[in-house]
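Colleague: My structure is stored as entry.txt, with compact mmCIF, C-alpha atoms and all ligand atoms.
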# COMPACT_ATOMS: atom_id res chain seq x y z
CA MET A 26 46.41 -99.31 53.87
CA SER A 27 49.69 -101.14 53.35
CA VAL A 28 51.88 -100.25 50.39
CA LEU A 29 51.86 -104.01 49.75
CA SER A 30 48.15 -103.93 48.96
CA GLY A 31 47.58 -105.15 45.40
CA LYS A 32 51.26 -106.02 44.95
CA LYS A 33 52.19 -109.34 43.32
CA ILE A 34 54.74 -111.03 45.54
CA LEU A 35 56.74 -114.05 44.46
CA LEU A 36 58.11 -115.83 47.50
CA GLY A 37 61.02 -118.20 46.99
CA VAL A 38 61.50 -120.59 49.88
CA SER A 39 64.80 -122.43 50.25
CA GLY A 40 65.68 -125.30 52.57
CA GLY A 41 66.44 -124.05 56.04
CA ILE A 42 64.62 -124.53 59.32
CA ALA A 43 63.33 -120.93 59.10
CA ALA A 44 61.15 -122.12 56.19
CA TYR A 45 58.49 -122.96 58.77
CA LYS A 46 58.11 -119.22 59.41
CA THR A 47 57.07 -118.60 55.81
CA ALA A 48 53.56 -119.77 56.75
CA SER A 49 53.20 -116.64 58.91
CA LEU A 50 54.92 -114.55 56.28
CA VAL A 51 52.47 -115.58 53.56
CA ARG A 52 49.59 -114.94 55.96
CA LEU A 53 50.87 -111.42 56.66
CA PHE A 54 51.25 -110.66 52.95
CA ILE A 55 47.69 -111.82 52.27
CA LYS A 56 46.43 -109.75 55.21
CA ALA A 57 48.18 -106.71 53.73
CA GLY A 58 46.21 -107.25 50.50
CA ALA A 59 49.06 -108.68 48.41
CA HIS A 60 48.79 -111.49 45.83
CA VAL A 61 51.26 -114.25 46.63
CA GLN A 62 52.76 -117.10 44.61
CA VAL A 63 55.29 -119.44 46.17
CA ILE A 64 58.21 -121.36 44.69
CA MET A 65 59.93 -123.91 46.91
CA THR A 66 63.28 -125.61 46.47
CA PRO A 67 62.97 -129.40 46.85
CA ALA A 68 64.88 -129.25 50.16
CA SER A 69 62.52 -126.68 51.68
CA LYS A 70 59.64 -129.17 51.55
CA ASP A 71 61.24 -131.01 54.48
CA PHE A 72 60.59 -127.96 56.64
CA VAL A 73 57.17 -126.74 55.53
CA THR A 74 54.63 -128.44 53.29
CA PRO A 75 53.55 -127.10 49.89
CA LEU A 76 49.95 -127.69 51.00
CA THR A 77 50.38 -125.23 53.90
CA LEU A 78 51.77 -122.50 51.68
CA SER A 79 49.32 -123.21 48.89
CA THR A 80 46.37 -122.97 51.29
CA LEU A 81 47.63 -119.73 52.81
CA SER A 82 48.58 -118.11 49.51
CA LYS A 83 45.39 -119.36 47.80
CA ASN A 84 47.57 -120.39 44.84
CA PRO A 85 49.34 -123.51 43.66
CA VAL A 86 52.89 -123.84 44.92
CA TYR A 87 55.65 -124.53 42.37
CA SER A 88 58.75 -126.53 43.02
CA THR A 89 59.85 -128.34 39.88
CA PHE A 90 60.10 -127.48 36.18
CA PHE A 91 57.67 -130.26 35.43
CA ASN A 92 54.33 -130.79 37.03
CA GLN A 93 53.89 -134.52 37.66
CA ASP A 94 50.24 -134.38 38.74
CA ASP A 95 48.66 -132.16 36.14
CA GLU A 96 48.40 -133.67 32.62
CA ASP A 97 47.29 -130.36 31.04
CA GLU A 98 49.88 -128.12 32.62
CA LYS A 99 53.08 -130.04 32.64
CA TRP A 100 55.51 -127.15 32.34
CA ASN A 101 55.93 -124.64 35.17
CA ASN A 102 56.99 -121.55 33.30
CA HIS A 103 59.69 -119.76 35.29
CA VAL A 104 59.78 -116.84 32.84
CA GLU A 105 56.07 -116.19 33.28
CA LEU A 106 56.36 -116.39 37.07
CA GLY A 107 59.33 -114.02 37.04
CA LEU A 108 57.50 -111.48 34.90
CA TRP A 109 54.28 -111.76 36.92
CA ALA A 110 55.89 -110.48 40.10
CA ASP A 111 56.08 -106.86 41.31
CA LEU A 112 58.68 -108.05 43.79
CA MET A 113 60.47 -111.29 44.54
CA LEU A 114 61.55 -112.30 48.02
CA ILE A 115 63.81 -115.24 48.80
CA ALA A 116 63.10 -116.20 52.42
CA PRO A 117 64.70 -118.03 53.97
CA ALA A 118 67.72 -117.64 51.71
CA THR A 119 70.21 -120.37 52.58
CA ALA A 120 73.95 -120.12 51.91
CA ASN A 121 73.49 -122.68 49.13
CA THR A 122 70.68 -120.80 47.36
CA LEU A 123 72.46 -117.45 47.76
CA SER A 124 75.59 -118.92 46.21
CA LYS A 125 73.57 -120.30 43.27
CA MET A 126 71.87 -116.92 42.78
CA ALA A 127 75.22 -115.11 42.90
CA ASN A 128 76.72 -117.49 40.33
CA GLY A 129 73.72 -118.13 38.11
CA THR A 130 73.68 -121.83 38.90
CA CYS A 131 70.29 -122.57 37.46
CA ASP A 132 69.54 -126.08 38.71
CA ASN A 133 66.11 -125.54 40.24
CA LEU A 134 62.92 -123.62 39.52
CA LEU A 135 63.61 -121.02 42.21
CA VAL A 136 66.96 -119.92 40.78
CA ALA A 137 65.66 -120.13 37.20
CA THR A 138 62.80 -117.81 38.16
CA TYR A 139 65.19 -115.50 40.03
CA LEU A 140 67.26 -115.19 36.84
CA SER A 141 64.12 -114.42 34.82
CA ALA A 142 62.65 -111.85 37.23
CA LYS A 143 62.81 -108.20 36.20
CA CYS A 144 61.30 -106.90 39.43
CA PRO A 145 63.15 -105.82 42.60
CA VAL A 146 64.53 -108.84 44.48
CA TYR A 147 64.91 -109.02 48.26
CA PHE A 148 66.53 -111.84 50.18
CA ALA A 149 66.37 -112.74 53.87
CA PRO A 150 69.36 -114.93 54.77
CA ALA A 151 69.04 -117.66 57.37
CA MET A 152 71.91 -119.85 58.51
CA ASP A 153 74.13 -120.69 61.41
CA LEU A 154 76.31 -117.89 62.77
CA ASP A 155 79.64 -119.15 61.38
CA MET A 156 78.11 -119.77 57.97
CA TYR A 157 76.66 -116.24 58.06
CA LYS A 158 80.09 -114.75 58.61
CA HIS A 159 82.00 -117.00 56.20
CA PRO A 160 83.82 -115.09 53.44
CA SER A 161 82.03 -117.22 50.88
CA THR A 162 78.61 -116.13 52.20
CA LEU A 163 79.75 -112.52 52.45
CA ALA A 164 80.93 -112.74 48.83
CA SER A 165 77.45 -113.95 47.81
CA PHE A 166 75.84 -111.01 49.66
CA LYS A 167 78.17 -108.60 47.93
CA ALA A 168 77.58 -110.08 44.48
CA LEU A 169 73.81 -109.99 44.95
CA GLU A 170 73.88 -106.42 46.25
CA ASN A 171 75.96 -105.49 43.20
CA PHE A 172 73.18 -106.97 41.05
CA GLY A 173 70.81 -104.53 42.81
CA ASN A 174 69.21 -107.14 45.09
CA ILE A 175 68.37 -106.00 48.59
CA ILE A 176 69.37 -107.87 51.74
CA ILE A 177 67.00 -108.07 54.69
CA PRO A 178 69.63 -108.66 57.36
CA ALA A 179 69.44 -111.69 59.59
CA GLU A 180 68.69 -111.15 63.26
CA SER A 181 70.60 -112.29 66.34
CA GLY A 182 69.36 -114.88 68.78
CA GLU A 183 69.18 -118.56 69.49
CA LEU A 184 69.90 -120.68 66.42
CA ALA A 185 68.68 -124.16 65.52
CA SER A 186 72.20 -125.51 66.12
CA GLY A 187 71.93 -124.50 69.79
CA LEU A 188 74.45 -121.72 69.27
CA SER A 189 73.47 -118.13 69.74
CA GLY A 190 74.34 -115.25 67.40
CA GLU A 191 73.62 -113.61 64.08
CA GLY A 192 71.98 -115.73 61.39
CA ARG A 193 68.29 -116.10 62.30
CA MET A 194 66.00 -115.13 59.46
CA ALA A 195 64.34 -111.79 60.23
CA GLU A 196 60.96 -112.36 61.89
CA PRO A 197 58.02 -112.31 59.41
CA GLU A 198 56.66 -109.06 60.93
CA ASN A 199 60.08 -107.46 60.49
CA ILE A 200 60.37 -108.66 56.90
CA VAL A 201 56.98 -107.13 56.11
CA ALA A 202 57.94 -103.86 57.86
CA PHE A 203 61.26 -103.80 55.96
CA LEU A 204 59.54 -104.27 52.59
CA GLU A 205 56.90 -101.66 53.39
CA ALA A 206 59.49 -99.08 54.47
CA ASP A 207 61.68 -99.76 51.44
CA LEU A 208 58.82 -99.59 48.95
CA GLU A 209 57.41 -96.45 50.58
CA SER A 210 60.76 -94.69 50.45
CA LYS A 211 60.89 -95.33 46.69
CA LEU A 212 57.38 -94.11 45.84
CA PRO A 213 57.60 -91.33 43.22
CA LEU A 214 55.62 -88.76 45.24
CA LYS A 215 57.21 -89.53 48.61
CA GLY A 216 57.78 -86.24 50.44
CA LYS A 217 55.34 -84.29 48.26
CA LYS A 218 52.25 -82.61 49.72
CA ILE A 219 49.11 -82.41 47.63
CA LEU A 220 45.94 -80.45 48.28
CA ILE A 221 42.81 -81.76 46.58
CA THR A 222 39.28 -80.33 46.59
CA ALA A 223 36.35 -82.66 46.02
CA GLY A 224 32.57 -82.85 45.98
CA PRO A 225 29.89 -80.20 45.82
CA THR A 226 29.38 -77.24 48.10
CA TYR A 227 26.04 -76.51 49.76
CA GLU A 228 24.98 -72.87 50.06
CA ALA A 229 22.39 -72.31 52.74
CA ILE A 230 19.07 -70.63 51.98
CA ASP A 231 17.69 -71.12 55.49
CA PRO A 232 18.42 -73.64 58.28
CA VAL A 233 16.87 -76.53 56.30
CA ARG A 234 17.43 -75.69 52.62
CA PHE A 235 20.43 -75.16 50.42
CA ILE A 236 21.59 -74.72 46.82
CA GLY A 237 23.83 -77.60 45.75
CA ASN A 238 24.77 -79.70 42.74
CA HIS A 239 25.01 -83.34 41.65
CA SER A 240 28.76 -83.81 42.19
CA SER A 241 29.39 -87.19 43.86
CA GLY A 242 32.94 -86.33 44.94
CA LYS A 243 34.22 -89.58 43.42
CA MET A 244 36.71 -87.97 41.03
CA GLY A 245 38.43 -85.99 43.82
CA PHE A 246 38.47 -88.98 46.18
CA ASP A 247 39.98 -91.20 43.47
CA ILE A 248 42.67 -88.58 42.82
CA ALA A 249 43.42 -88.49 46.56
CA LYS A 250 43.75 -92.28 46.74
CA SER A 251 45.96 -92.43 43.67
CA ALA A 252 48.21 -89.65 45.05
CA ALA A 253 48.48 -91.35 48.45
CA ASN A 254 49.31 -94.71 46.83
CA LEU A 255 52.18 -92.94 45.09
CA GLY A 256 53.50 -91.78 48.46
CA ALA A 257 52.17 -88.21 48.59
CA SER A 258 50.74 -86.81 51.77
CA VAL A 259 47.30 -85.54 50.87
CA VAL A 260 44.97 -82.94 52.33
CA LEU A 261 41.55 -83.72 50.87
CA ILE A 262 39.12 -80.84 51.33
CA SER A 263 35.70 -82.22 50.62
CA GLY A 264 32.21 -80.83 50.42
CA PRO A 265 29.28 -83.02 51.53
CA THR A 266 29.57 -86.47 49.87
CA HIS A 267 28.96 -90.13 50.60
CA CYS A 268 32.53 -90.98 49.57
CA VAL A 269 34.77 -92.41 52.26
CA VAL A 270 38.49 -92.98 52.33
CA ASN A 271 40.71 -94.65 54.87
CA HIS A 272 44.38 -94.13 54.10
CA SER A 273 47.08 -93.11 56.53
CA PHE A 274 48.48 -90.60 53.98
CA ILE A 275 45.14 -88.80 53.50
CA GLN A 276 43.85 -86.13 55.87
CA VAL A 277 40.20 -85.36 55.15
CA VAL A 278 38.92 -81.86 55.92
CA LYS A 279 35.14 -81.71 55.71
CA VAL A 280 33.50 -78.47 54.67
CA THR A 281 30.02 -77.45 53.56
CA SER A 282 30.02 -74.09 51.79
CA ALA A 283 32.26 -72.49 49.17
CA GLN A 284 33.50 -70.00 51.78
CA GLU A 285 34.51 -72.84 54.14
CA MET A 286 36.28 -74.61 51.26
CA TYR A 287 38.07 -71.36 50.38
CA ASP A 288 39.24 -70.88 53.99
CA ALA A 289 40.41 -74.50 54.32
CA CYS A 290 42.30 -74.34 51.01
CA HIS A 291 44.16 -71.21 52.05
CA GLN A 292 45.01 -72.72 55.41
CA TYR A 293 47.06 -75.46 53.67
CA TYR A 294 47.97 -73.99 50.29
CA ALA A 295 51.27 -72.28 51.20
CA GLU A 296 52.88 -75.56 52.26
CA VAL A 297 51.81 -77.84 49.39
CA ASP A 298 53.69 -78.79 46.21
CA VAL A 299 50.59 -79.52 44.14
CA ALA A 300 46.95 -78.42 44.28
CA ILE A 301 44.18 -80.10 42.31
CA ALA A 302 40.73 -78.46 42.28
CA ALA A 303 38.25 -81.22 41.48
CA ALA A 304 35.36 -79.78 43.52
CA ALA A 305 32.18 -78.52 41.90
CA VAL A 306 32.05 -75.27 43.84
CA ALA A 307 28.85 -73.24 43.76
CA ASP A 308 29.41 -70.05 41.78
CA TYR A 309 26.59 -68.22 43.59
CA ARG A 310 25.06 -68.31 47.04
CA PRO A 311 21.99 -66.69 48.60
CA LYS A 312 22.86 -63.13 49.58
CA ASN A 313 20.87 -63.37 52.78
CA VAL A 314 20.49 -66.59 54.73
CA ALA A 315 17.27 -66.70 56.74
CA ASN A 316 17.72 -67.49 60.44
CA GLN A 317 14.41 -69.34 60.56
CA LYS A 318 12.82 -71.72 58.08
CA ILE A 319 11.19 -69.66 55.33
CA LYS A 320 7.42 -70.16 55.41
CA LYS A 321 5.37 -70.68 52.28
CA ALA A 322 3.52 -67.44 51.42
CA ALA A 323 3.60 -65.55 48.10
CA GLU A 324 2.99 -67.25 44.71
CA ASN A 325 6.48 -66.32 43.49
CA PHE A 326 9.57 -66.33 45.57
CA VAL A 327 12.88 -64.79 44.51
CA ILE A 328 16.22 -65.54 46.10
CA GLU A 329 18.88 -62.96 45.48
CA LEU A 330 22.26 -64.58 44.83
CA GLU A 331 25.77 -63.21 45.11
CA LYS A 332 29.00 -64.59 43.70
CA THR A 333 31.09 -66.93 45.81
CA LYS A 334 34.85 -66.55 45.78
CA ASP A 335 36.54 -68.48 42.97
CA ILE A 336 38.85 -70.71 44.99
CA LEU A 337 40.96 -71.87 42.06
CA PHE A 338 41.41 -68.29 40.84
CA SER A 339 42.67 -67.26 44.27
CA LEU A 340 45.09 -70.24 44.35
CA GLY A 341 46.42 -69.14 40.94
CA GLU A 342 46.87 -65.59 42.21
CA ASN A 343 48.91 -66.81 45.18
CA LYS A 344 50.85 -69.46 43.27
CA LYS A 345 54.53 -69.89 44.16
CA GLN A 346 56.03 -73.40 44.01
CA GLN A 347 52.68 -75.12 43.54
CA PHE A 348 51.84 -77.12 40.41
CA LEU A 349 48.22 -76.09 39.96
CA ILE A 350 45.62 -78.25 38.24
CA GLY A 351 42.02 -77.23 37.62
CA PHE A 352 39.01 -78.86 36.07
CA ALA A 353 36.70 -77.37 33.51
CA LEU A 354 33.21 -78.53 32.77
CA GLU A 355 32.05 -77.14 29.45
CA THR A 356 29.10 -77.69 27.16
CA GLU A 357 30.19 -75.52 24.20
CA ASN A 358 33.43 -74.06 22.77
CA GLU A 359 35.12 -76.48 25.12
CA ILE A 360 38.76 -76.11 24.12
CA GLU A 361 38.64 -72.33 23.80
CA ASN A 362 36.84 -71.91 27.13
CA ALA A 363 39.27 -74.26 28.84
CA LYS A 364 42.26 -72.38 27.44
CA ALA A 365 40.78 -69.13 28.70
CA LYS A 366 40.41 -70.70 32.17
CA ILE A 367 44.09 -71.75 32.16
CA GLN A 368 45.12 -68.15 31.62
CA LYS A 369 42.54 -66.52 33.85
CA LYS A 370 43.25 -68.83 36.79
CA ASN A 371 47.04 -69.10 36.19
CA LEU A 372 46.94 -72.92 35.90
CA ASP A 373 49.66 -75.37 34.88
CA LEU A 374 47.19 -77.94 33.62
CA ILE A 375 43.46 -78.19 33.09
CA VAL A 376 41.37 -81.35 32.97
CA LEU A 377 38.51 -80.71 30.59
CA ASN A 378 35.26 -82.65 31.02
CA SER A 379 32.85 -82.47 28.19
CA LEU A 380 29.23 -83.20 28.99
CA GLN A 381 28.81 -84.10 25.31
CA ASP A 382 30.73 -87.32 25.92
CA GLU A 383 28.58 -90.26 26.90
CA GLY A 384 29.78 -91.72 30.22
CA ALA A 385 31.48 -88.54 31.39
CA GLY A 386 30.57 -86.21 34.24
CA PHE A 387 28.53 -86.13 37.43
CA GLN A 388 27.33 -89.27 39.22
CA LYS A 389 29.09 -91.54 36.69
CA MET A 390 31.72 -94.19 37.36
CA THR A 391 33.59 -93.22 34.19
CA ASN A 392 35.02 -90.04 32.75
CA LYS A 393 36.39 -88.84 29.44
CA VAL A 394 38.77 -85.95 29.77
CA THR A 395 41.13 -83.87 27.68
CA PHE A 396 44.32 -82.53 29.20
CA ILE A 397 45.47 -79.07 28.17
CA ASN A 398 48.71 -77.73 29.61
CA LYS A 399 49.76 -74.12 30.03
CA ASP A 400 51.46 -74.19 26.60
CA PHE A 401 48.08 -75.24 25.20
CA LYS A 402 49.22 -78.74 24.28
CA ILE A 403 45.97 -80.69 23.89
CA GLU A 404 45.77 -84.37 24.80
CA PRO A 405 42.39 -86.10 24.47
CA MET A 406 42.09 -89.28 26.56
CA GLU A 407 39.88 -92.36 26.15
CA LEU A 408 36.72 -92.99 28.18
CA LYS A 409 37.99 -94.63 31.39
CA SER A 410 37.02 -95.43 34.93
CA LYS A 411 37.46 -92.45 37.26
CA GLU A 412 40.23 -94.41 39.03
CA ALA A 413 42.13 -94.65 35.73
CA VAL A 414 41.58 -90.94 35.02
CA ALA A 415 42.93 -90.21 38.52
CA ASP A 416 46.04 -92.25 37.71
CA ASP A 417 46.49 -90.30 34.45
CA ILE A 418 46.29 -87.02 36.37
CA LEU A 419 48.90 -88.23 38.86
CA ASN A 420 51.14 -89.30 35.97
CA LYS A 421 51.09 -85.65 34.87
CA VAL A 422 52.14 -84.66 38.39
CA ILE A 423 55.00 -87.20 38.36
CA ALA A 424 56.08 -85.96 34.91
CA HIS A 425 56.16 -82.40 36.30
CA PHE A 426 58.66 -83.42 38.99
CA TYR A 427 60.81 -85.82 36.99
CA GLU A 428 60.86 -84.65 33.36
N1 LIG A 501 36.29 -73.50 41.03
C1 LIG A 501 36.66 -73.02 42.26
N2 LIG A 501 35.89 -72.11 42.92
C2 LIG A 501 34.75 -71.67 42.38
C3 LIG A 501 34.34 -72.14 41.11
C4 LIG A 501 35.13 -73.07 40.47
O1 LIG A 501 37.71 -73.43 42.77
N3 LIG A 501 34.00 -70.78 43.05
C5 LIG A 501 37.15 -74.42 40.32
C6 LIG A 501 36.61 -75.82 40.13
O2 LIG A 501 36.99 -76.65 41.19
C7 LIG A 501 37.27 -76.24 38.82
C8 LIG A 501 37.47 -74.93 38.07
O3 LIG A 501 37.36 -73.91 39.04
O4 LIG A 501 38.56 -76.80 39.02
C9 LIG A 501 36.54 -74.64 36.95
O5 LIG A 501 35.21 -74.81 37.33
P1 LIG A 501 34.06 -74.55 36.27
O6 LIG A 501 32.75 -74.70 36.97
O7 LIG A 501 34.29 -75.30 35.01
O8 LIG A 501 34.31 -73.06 35.86
P2 LIG A 501 33.97 -71.70 36.49
O9 LIG A 501 35.25 -71.02 36.79
O10 LIG A 501 33.00 -71.81 37.61
O11 LIG A 501 33.36 -70.93 35.25
P3 LIG A 501 31.97 -71.17 34.47
O12 LIG A 501 31.02 -71.81 35.46
O13 LIG A 501 31.58 -69.83 34.06
O14 LIG A 501 32.32 -72.06 33.32
I'd like the structure from this file rewritten - as structure tokens, please.
Modeller:
Amino acid sequence: MSVLSGKKILLGVSGGIAAYKTASLVRLFIKAGAHVQVIMTPASKDFVTPLTLSTLSKNPVYSTFFNQDDEDEKWNNHVELGLWADLMLIAPATANTLSKMANGTCDNLLVATYLSAKCPVYFAPAMDLDMYKHPSTLASFKALENFGNIIIPAESGELASGLSGEGRMAEPENIVAFLEADLESKLPLKGKKILITAGPTYEAIDPVRFIGNHSSGKMGFDIAKSAANLGASVVLISGPTHCVVNHSFIQVVKVTSAQEMYDACHQYYAEVDVAIAAAAVADYRPKNVANQKIKKAAENFVIELEKTKDILFSLGENKKQQFLIGFALETENEIENAKAKIQKKNLDLIVLNSLQDEGAGFQKMTNKVTFINKDFKIEPMELKSKEAVADDILNKVIAHFYE
């Protein structure tokens, strides 16, 4: 999944021949899952039509402060557009538009929106080679870079003038790759490795039967997705679930039993920065597993169980650099039991689920949790979707590294 997925991109198109390439650019952004709004300078409409970019972006295209055609919405609000965006890209950025941006010359909607935008701003210059090298253009680049704007350098090749050299707007594919690489490098968990357990475990009774539980795995998978979207590289060790994930930062390790989950966790634990145990691991397993299917015979049938290894406890015992997060599912004396688990399992943070809360727990789309840290600071959270709870958990991880 692209880091651009879900991002709100404001594309400012200024009047150079490379404007025709913005059709492909918008298409690539939409394909990557981004939301796109386009602002055009009046001159750019000679090179690509608003209808093309509006059709591709699935949004109206803005070009003037006033909307001539729409009686109800006469005013195109540049402040709103600027605040809407997660990132703004000026492509192509002509020498004229760059100079206006550098000097705050606010005589069109594009520059007005640029001045109102609080998000990161990228610009992809496009002009003839001598214009590209002119001290005036270089001064604009410098001023914009000093403002914190990011240049996507022009490429070399044949230019519209017939000359050949530096000045071509970067190809749309290269602009997308540039933005993805830049955004990825700035993700807060870039370079961090996170181990996550998810789902139930199944403990075999015989070749066809097992002891399991109702865990859907959703909470652990949502945590994995949230961590990966923040740039972490994730090892997701999952018991049997129907959950699926497809993210280049997530490696899924499928296991069945508590013992397999224990072995997989210890295979990766030494090298991770964070471990989050969201799995509902069986506490007991049949002491003897029958080789053949057990036939129906006596009226009563007793299965002797033995304890499984407590994976989280063993991670706490071996803790070095890892920030260790556990879950607790309690039905009584919740806070006290959760605190005891923090100490017993040497945790940094526990996520307490209470089954007394409506909408929380197994097989639900929502969860209501309370965070308790190792200093016993208690933080009850609202009932939220599991995705939002996952984000809250990752915010705790980010706070651990940055506060
Ligand atoms: N856990 C684990 N390995 C086990 C049992 C539990 O890693 N064999 C982890 C769970 O993933 C969870 C935490 O321990 O993060 C607490 O699980 P919970 O079922 O609430 O507690 P238990 O330690 O099993 O204690 P009890 O069932 O007695 O409450």
Colleague: Counting all atoms listed in the file, which residue out of A:Leu340, A:Ala149, A:Ile248, A:Ala206 sits closest to ligand LIG 501 (chain A)?
Modeller: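 When distances to ligand LIG 501 (chain A) are compared using all atoms listed in the file, the smallest one comes from A:Leu340.
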Colleague: Collect all residues with atoms no farther than 6 Å from ligand LIG 501 (chain A), counting all atoms listed in the file, and output them as a ChimeraX atom specification.
Modeller: /A:302-308,333-337,351-354
Colleague: Those residues with C-alpha atoms, as a PDB file, in the frame of the given file please?
Modeller:
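Okay, this is what ended up in part_24.pdb:
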ATOM      1  CA  ALA A 302      40.730 -78.460  42.280  1.00  0.00           C
ATOM      2  CA  ALA A 303      38.250 -81.220  41.480  1.00  0.00           C
ATOM      3  CA  ALA A 304      35.360 -79.780  43.520  1.00  0.00           C
ATOM      4  CA  ALA A 305      32.180 -78.520  41.900  1.00  0.00           C
ATOM      5  CA  VAL A 306      32.050 -75.270  43.840  1.00  0.00           C
ATOM      6  CA  ALA A 307      28.850 -73.240  43.760  1.00  0.00           C
ATOM      7  CA  ASP A 308      29.410 -70.050  41.780  1.00  0.00           C
ATOM      8  CA  THR A 333      31.090 -66.930  45.810  1.00  0.00           C
ATOM      9  CA  LYS A 334      34.850 -66.550  45.780  1.00  0.00           C
ATOM     10  CA  ASP A 335      36.540 -68.480  42.970  1.00  0.00           C
ATOM     11  CA  ILE A 336      38.850 -70.710  44.990  1.00  0.00           C
ATOM     12  CA  LEU A 337      40.960 -71.870  42.060  1.00  0.00           C
ATOM     13  CA  GLY A 351      42.020 -77.230  37.620  1.00  0.00           C
ATOM     14  CA  PHE A 352      39.010 -78.860  36.070  1.00  0.00           C
ATOM     15  CA  ALA A 353      36.700 -77.370  33.510  1.00  0.00           C
ATOM     16  CA  LEU A 354      33.210 -78.530  32.770  1.00  0.00           C
TER      17      LEU A 354
END
Colleague: Pick out the residues sitting within 7 Å of stretch 270-287 of chain A, and hand them over as a list in words; count all atoms listed in the file, and ignore anything fewer than 5 positions along from it in its own chain.
Modeller: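 Listing them by chain and then by number gives Met26, Thr226, Tyr227, Glu228, Ala253, Ala257, Ser258, Val259, Val260, Leu261, Ile262, Ser263, Gly264, Pro265, Val306, Ala307, Thr333 and Ile336 of chain A.
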Colleague: So that I can check the surroundings of A:Leu78, please list as a ChimeraX atom specification every protein, DNA and RNA residue that reaches within 10 Å of it, counting all atoms listed in the file and ignoring chain neighbours fewer than 4 positions away.
Modeller: /A:45,47-52,61-65,73-74,82-86
Colleague: Atom CA of A:Cys144 to atom CA of A:Glu412: how many Å, to one decimal?
Modeller: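 Between these atoms lies a distance of 24.5 Å.
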Colleague: What's around A:Ala116 at 8 Å? Count only C-alpha atoms, leave out sequence neighbours fewer than 3 positions away in its own chain, and write the answer as a list of chain:residue names.
Modeller: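 Close residues of A:Ala116: A:Leu36, A:Gly37, A:Val38, A:Ser39, A:Ala44, A:Thr47, A:Phe148, A:Ala149, A:Pro150, A:Ala151, A:Met194.
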Colleague: What gap, in Å, lies between atom CA of A:Leu134 and atom CA of A:Met152?
Modeller: 21.3 Å
Colleague: Quick one: pull the distance between atom CA of A:Tyr147 and atom CA of A:Ile34, Å, one decimal.
Modeller: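 These two atoms are separated by 10.7 Å.
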Colleague: In terms of the shortest atom-to-atom distance over all atoms listed in the file, which of A:Leu35, A:Ala229, A:Leu372, A:Leu81 is closest to A:Thr138?
Modeller: A:Leu35
Colleague: From the set A:Ile328, A:Ala57, A:Ile42, A:Cys268, which residue has the shortest atom-to-atom contact distance to A:Val201, counting only C-alpha atoms?
Modeller: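 Nearest candidate to A:Val201 out of A:Ile328, A:Ala57, A:Ile42, A:Cys268: A:Ala57.
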Colleague: Using only C-alpha atoms, which of A:Lys167, A:Lys345, A:Lys211, A:Lys332 sits nearest A:Ala300?
Modeller: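 Ranked by minimum distance to A:Ala300, first place goes to A:Lys345.
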Colleague: Show which residues sit within 10 Å of A:Val233, as an MDAnalysis selection string. Count only C-alpha atoms, and ignore same-chain residues fewer than 6 positions away.
Modeller: chainID A and resid 315:319
Colleague: Within 9 Å of (37.9, -93.7, 39.6), all atoms listed in the file: residues as a list in words?
Modeller: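 Checking each residue against the 9 Å limit leaves Lys243, Met244, Gly245, Phe246, Asp247, Ile248, Met390, Thr391, Asn392, Lys409, Ser410, Lys411, Glu412, Ala413, Val414, Ala415 and Asp416 of chain A.
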Colleague: What's around A:Gly31 at 10 Å? Count all atoms listed in the file, leave out sequence neighbours fewer than 5 positions away in its own chain, and write the answer as a PyMOL selection string.
Modeller: chain A and resi 55+57-61+111
